[in-house]
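To start, the structure under review is shown below, and the notes come after it.
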Amino acid sequence: MGVEYRHFLVVNDKSWLPAADTLARVDAVLHKWSLIDKPATVFDLSTMKESSEKTIPGAMPGAGKALVYDETSGKPVVDIAGRCYYDTVGDEDHYISQIIVVAGNDIRIQQSDEYCYFEQISPAPDQACPGFVYDLDAIPWPVSKAFDAYLVHGEYAGVPEMNIHVSKNFPELYDWTDYAGYWRGAVMLDFGKSLPGFCEKLRQLPARDFINELASAFRGAIAEIGVVY
């Protein structure tokens, strides 16, 4: 099995909503940094199925659309993330197993790990209300494991109330103090077993220009969250 790692770059703005060109703008940044070289597979997150669209959607994403990209490795990975945590892994073998871009009106609760737990206070996870899905792992869609928590559809009138618990043994992992614990837009970099060297330190990508360009593409500030799984 072994330890694996995901790095989330999320729009840290409670009132943020995507525009019609959001996905295309983020796709362009990933292309610029040579992280992708093939068209994305598009998923409609309102149906949890692959979309009939074969190009980047140019319309409002509604509840949510996901762009899923294949593995990339070598220099582009090192350029944004630095060297692998394991000294035995050369730069040419350092990889990101999957990149997923999500934008939509639905709220997605941040995935937790043993170092940082995102506790949903309200609505209660077992509270049944219209448009509230609280067990994404039970839904057979290809990107479910990236969002191992809860989903609040746009028709739900409120926003979640969250408590965020950062391990007292690892207080240096994050420098944000205002993250809501949920998001509507994000890029998820799944490093799999090719852990980035910073994963036990401040969980930020070294390539700050890359972060700034993603913030510009999303038109919103970015918070970074690492998840060990």
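Here, A, B, ... name the chains of the structure tokens in the order displayed, residue numbers run from 1 inside each chain, and ligands are numbered from 1 in the same displayed order.
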
task = Name the residues in contact with segment 203-211 of chain A at a cut-off of 9 Å, using only C-alpha atoms, excluding same-chain residues fewer than 5 positions from it; report them as a PyMOL selection string.
result = chain A and resi 7+9+29-30+33+79-82+172-175+196+198+216+222-226

Could you please take those selected residues and save N, CA and C atoms as a PDB file, in the first residue's frame?
ATOM      1  N   HIS A   7      -2.368  17.192  -3.236  1.00  0.00           N
ATOM      2  CA  HIS A   7      -2.203  18.608  -2.919  1.00  0.00           C
ATOM      3  C   HIS A   7      -3.347  19.380  -3.567  1.00  0.00           C
ATOM      4  N   LEU A   9      -5.271  22.942  -4.376  1.00  0.00           N
ATOM      5  CA  LEU A   9      -5.154  24.383  -4.568  1.00  0.00           C
ATOM      6  C   LEU A   9      -6.578  24.890  -4.745  1.00  0.00           C
ATOM      7  N   VAL A  29      -3.313  27.648 -17.927  1.00  0.00           N
ATOM      8  CA  VAL A  29      -2.175  27.734 -17.000  1.00  0.00           C
ATOM      9  C   VAL A  29      -1.461  26.387 -16.908  1.00  0.00           C
ATOM     10  N   LEU A  30      -2.216  25.308 -16.819  1.00  0.00           N
ATOM     11  CA  LEU A  30      -1.606  23.978 -16.743  1.00  0.00           C
ATOM     12  C   LEU A  30      -0.811  23.672 -18.011  1.00  0.00           C
ATOM     13  N   TRP A  33       2.578  25.563 -18.042  1.00  0.00           N
ATOM     14  CA  TRP A  33       3.593  24.959 -17.184  1.00  0.00           C
ATOM     15  C   TRP A  33       3.911  23.515 -17.597  1.00  0.00           C
ATOM     16  N   ASP A  79       9.481  21.436 -11.460  1.00  0.00           N
ATOM     17  CA  ASP A  79       9.392  22.894 -11.582  1.00  0.00           C
ATOM     18  C   ASP A  79       8.370  23.495 -10.622  1.00  0.00           C
ATOM     19  N   ILE A  80       7.260  22.791 -10.384  1.00  0.00           N
ATOM     20  CA  ILE A  80       6.243  23.369  -9.494  1.00  0.00           C
ATOM     21  C   ILE A  80       6.345  22.848  -8.064  1.00  0.00           C
ATOM     22  N   ALA A  81       6.850  21.614  -7.888  1.00  0.00           N
ATOM     23  CA  ALA A  81       6.777  20.965  -6.578  1.00  0.00           C
ATOM     24  C   ALA A  81       8.129  20.689  -5.936  1.00  0.00           C
ATOM     25  N   GLY A  82       9.214  20.904  -6.675  1.00  0.00           N
ATOM     26  CA  GLY A  82      10.515  20.549  -6.140  1.00  0.00           C
ATOM     27  C   GLY A  82      10.764  19.053  -6.257  1.00  0.00           C
ATOM     28  N   GLU A 172       3.232  23.524  11.925  1.00  0.00           N
ATOM     29  CA  GLU A 172       3.924  24.260  10.872  1.00  0.00           C
ATOM     30  C   GLU A 172       3.462  23.884   9.473  1.00  0.00           C
ATOM     31  N   LEU A 173       2.495  22.978   9.340  1.00  0.00           N
ATOM     32  CA  LEU A 173       2.092  22.513   8.015  1.00  0.00           C
ATOM     33  C   LEU A 173       1.363  23.584   7.211  1.00  0.00           C
ATOM     34  N   TYR A 174       0.674  24.502   7.889  1.00  0.00           N
ATOM     35  CA  TYR A 174      -0.130  25.506   7.191  1.00  0.00           C
ATOM     36  C   TYR A 174       0.106  26.885   7.784  1.00  0.00           C
ATOM     37  N   ASP A 175       0.047  27.894   6.913  1.00  0.00           N
ATOM     38  CA  ASP A 175       0.165  29.265   7.410  1.00  0.00           C
ATOM     39  C   ASP A 175      -1.115  30.062   7.193  1.00  0.00           C
ATOM     40  N   PRO A 196       5.986  14.823  -2.657  1.00  0.00           N
ATOM     41  CA  PRO A 196       6.871  15.980  -2.813  1.00  0.00           C
ATOM     42  C   PRO A 196       7.680  16.208  -1.541  1.00  0.00           C
ATOM     43  N   PHE A 198       8.263  18.680   0.247  1.00  0.00           N
ATOM     44  CA  PHE A 198       7.756  19.606   1.258  1.00  0.00           C
ATOM     45  C   PHE A 198       6.618  19.027   2.094  1.00  0.00           C
ATOM     46  N   SER A 216      -5.032  34.066 -10.611  1.00  0.00           N
ATOM     47  CA  SER A 216      -5.518  34.962 -11.658  1.00  0.00           C
ATOM     48  C   SER A 216      -6.530  34.255 -12.559  1.00  0.00           C
ATOM     49  N   ILE A 222      -5.934  31.800  -3.498  1.00  0.00           N
ATOM     50  CA  ILE A 222      -5.719  30.360  -3.402  1.00  0.00           C
ATOM     51  C   ILE A 222      -5.235  29.979  -2.004  1.00  0.00           C
ATOM     52  N   ALA A 223      -5.820  28.916  -1.451  1.00  0.00           N
ATOM     53  CA  ALA A 223      -5.303  28.275  -0.239  1.00  0.00           C
ATOM     54  C   ALA A 223      -4.808  26.886  -0.625  1.00  0.00           C
ATOM     55  N   GLU A 224      -3.753  26.421   0.045  1.00  0.00           N
ATOM     56  CA  GLU A 224      -3.173  25.113  -0.265  1.00  0.00           C
ATOM     57  C   GLU A 224      -3.363  24.161   0.909  1.00  0.00           C
ATOM     58  N   ILE A 225      -3.808  22.950   0.593  1.00  0.00           N
ATOM     59  CA  ILE A 225      -4.045  21.930   1.611  1.00  0.00           C
ATOM     60  C   ILE A 225      -3.461  20.616   1.117  1.00  0.00           C
ATOM     61  N   GLY A 226      -2.651  19.978   1.937  1.00  0.00           N
ATOM     62  CA  GLY A 226      -2.088  18.681   1.590  1.00  0.00           C
ATOM     63  C   GLY A 226      -2.812  17.573   2.325  1.00  0.00           C
TER      64      GLY A 226
END

inquiry  = Using only C-alpha atoms, can you tell me which of A:Phe43, A:Tyr5, A:Phe191, A:Phe170 comes closest to Val77 of chain A?
reply    =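 Using only C-alpha atoms, the shortest distance to Val77 of chain A belongs to A:Phe191.
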
ask   = Hey, can you check how far atom CA of Glu200 of chain A sits from atom CA of His94 of chain A?
value =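 Interatomic distance here is 17.0 Å.
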
task = Pick out each residue of segment 28-227 of chain A that DSSP on the backbone tags as strand (DSSP E or B); I need them as a ChimeraX atom specification.
result = /A:41-44,49-50,65-69,72-73,84,95-96,98-109,113,116-122,132-133,151-152,161-166,182-192,196,222-227

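Counting only C-alpha atoms, the residue from A:Glu119, A:Asp70, A:Asp37, A:Asp106 that sits nearest to Gly185 of chain A is A:Asp106.
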
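Among A:Val11, A:Ala180, A:Cys84, A:Cys116, the residue with the shortest atom-to-atom distance to Val101 of chain A, counting only C-alpha atoms, is A:Val11.
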
task = Between atom CA of Phe118 of chain A and atom CA of Lys14 of chain A, measure the distance and give it in Å to one decimal.
result =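 Spanning atom CA of Phe118 of chain A to atom CA of Lys14 of chain A is a straight-line distance of 15.6 Å.
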
message = From a backbone DSSP assignment, name each residue in segment 36-99 of chain A labelled alpha helix (DSSP H), as a list in words.
response =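 So the alpha helix (DSSP H) residues in segment 36-99 of chain A would be Lys75, Pro76, Val77, Val78, Asp79, Ile80 and Ala81 of chain A.
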
Go ahead and write the residues just picked, C-alpha atoms, as a PDB file, in the first residue's frame.
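Saved file again11.pdb follows:
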ATOM      1  CA  LYS A  75      10.808  18.462 -15.190  1.00  0.00           C
ATOM      2  CA  PRO A  76       7.275  19.986 -15.123  1.00  0.00           C
ATOM      3  CA  VAL A  77       6.602  18.276 -11.783  1.00  0.00           C
ATOM      4  CA  VAL A  78       9.947  19.340 -10.311  1.00  0.00           C
ATOM      5  CA  ASP A  79       9.392  22.894 -11.582  1.00  0.00           C
ATOM      6  CA  ILE A  80       6.243  23.369  -9.494  1.00  0.00           C
ATOM      7  CA  ALA A  81       6.777  20.965  -6.578  1.00  0.00           C
TER       8      ALA A  81
END

Shell of 10 Å around Arg184 of chain A, only C-alpha atoms, local chain residues under 5 positions omitted, as a short mmCIF file (atom, residue, chain, number, x, y, z; two decimals) with C-alpha atoms, in the first residue's frame:
data_model
loop_
_atom_site.label_atom_id
_atom_site.label_comp_id
_atom_site.auth_asym_id
_atom_site.auth_seq_id
_atom_site.Cartn_x
_atom_site.Cartn_y
_atom_site.Cartn_z
CA VAL A 10 -8.57 25.78 -3.70
CA VAL A 11 -10.29 29.11 -4.22
CA ASN A 12 -10.38 30.52 -0.70
CA ASP A 13 -13.40 32.78 -1.03
CA LYS A 14 -16.77 31.86 0.49
CA SER A 15 -18.70 33.91 -2.06
CA TRP A 16 -16.72 32.82 -5.16
CA LEU A 17 -18.62 31.46 -8.15
CA PRO A 18 -17.14 30.34 -11.49
CA ALA A 63 -23.46 22.44 -10.23
CA GLY A 64 -19.96 21.44 -11.26
CA VAL A 102 -13.19 21.40 -10.53
CA ALA A 103 -15.42 24.46 -10.83
CA GLY A 104 -19.11 24.80 -10.07
CA ASN A 105 -21.81 26.22 -7.85
CA ASP A 106 -21.82 23.25 -5.47
CA ILE A 107 -19.89 23.51 -2.22
CA ARG A 108 -17.37 20.74 -1.54
CA ILE A 109 -16.08 20.07 1.95
#

Do you know which residues are at most 12 Å from segment 49-59 of chain A counting only C-alpha atoms, after dropping those on the same chain fewer than 6 positions away, and could you put them as a short mmCIF file (atom, residue, chain, number, x, y, z; two decimals) with C-alpha atoms, in the first residue's frame?
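The result, stored in out32.cif:
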data_model
loop_
_atom_site.label_atom_id
_atom_site.label_comp_id
_atom_site.auth_asym_id
_atom_site.auth_seq_id
_atom_site.Cartn_x
_atom_site.Cartn_y
_atom_site.Cartn_z
CA PRO A 18 -17.14 30.34 -11.49
CA ALA A 19 -17.46 32.18 -14.77
CA ALA A 20 -18.09 30.61 -18.18
CA ASP A 21 -14.36 30.76 -19.00
CA THR A 22 -12.97 29.57 -15.64
CA LEU A 23 -12.13 26.02 -16.71
CA ALA A 24 -10.50 27.18 -19.95
CA ARG A 25 -8.39 29.74 -18.08
CA VAL A 26 -7.13 27.15 -15.59
CA ASP A 27 -6.48 24.65 -18.39
CA ALA A 28 -4.34 27.30 -20.12
CA LYS A 38 -3.62 15.88 -23.86
CA PRO A 39 -7.26 16.98 -23.78
CA ALA A 40 -9.01 16.48 -20.48
CA THR A 41 -11.75 13.98 -19.82
CA VAL A 42 -14.78 16.05 -18.78
CA PHE A 43 -17.15 14.94 -16.03
CA LYS A 65 -17.69 20.19 -14.02
CA ALA A 66 -14.41 18.33 -13.54
CA LEU A 67 -11.50 18.12 -15.96
CA VAL A 68 -9.39 15.01 -15.41
CA TYR A 69 -5.86 14.80 -16.82
CA VAL A 101 -9.75 20.69 -12.00
CA VAL A 102 -13.19 21.40 -10.53
CA ALA A 103 -15.42 24.46 -10.83
CA GLY A 104 -19.11 24.80 -10.07
CA ILE A 139 -21.17 7.00 -5.70
CA PRO A 140 -19.28 5.21 -8.50
CA TRP A 141 -17.72 8.17 -10.29
CA PRO A 142 -14.06 8.30 -11.29
CA VAL A 143 -13.04 11.33 -9.26
CA SER A 144 -14.91 10.52 -6.04
#

key: Residue nearest Gly62 of chain A - candidates A:Ala221, A:Ile164, A:Leu45, A:Ile96, atoms counted: only C-alpha atoms   = A:Leu45
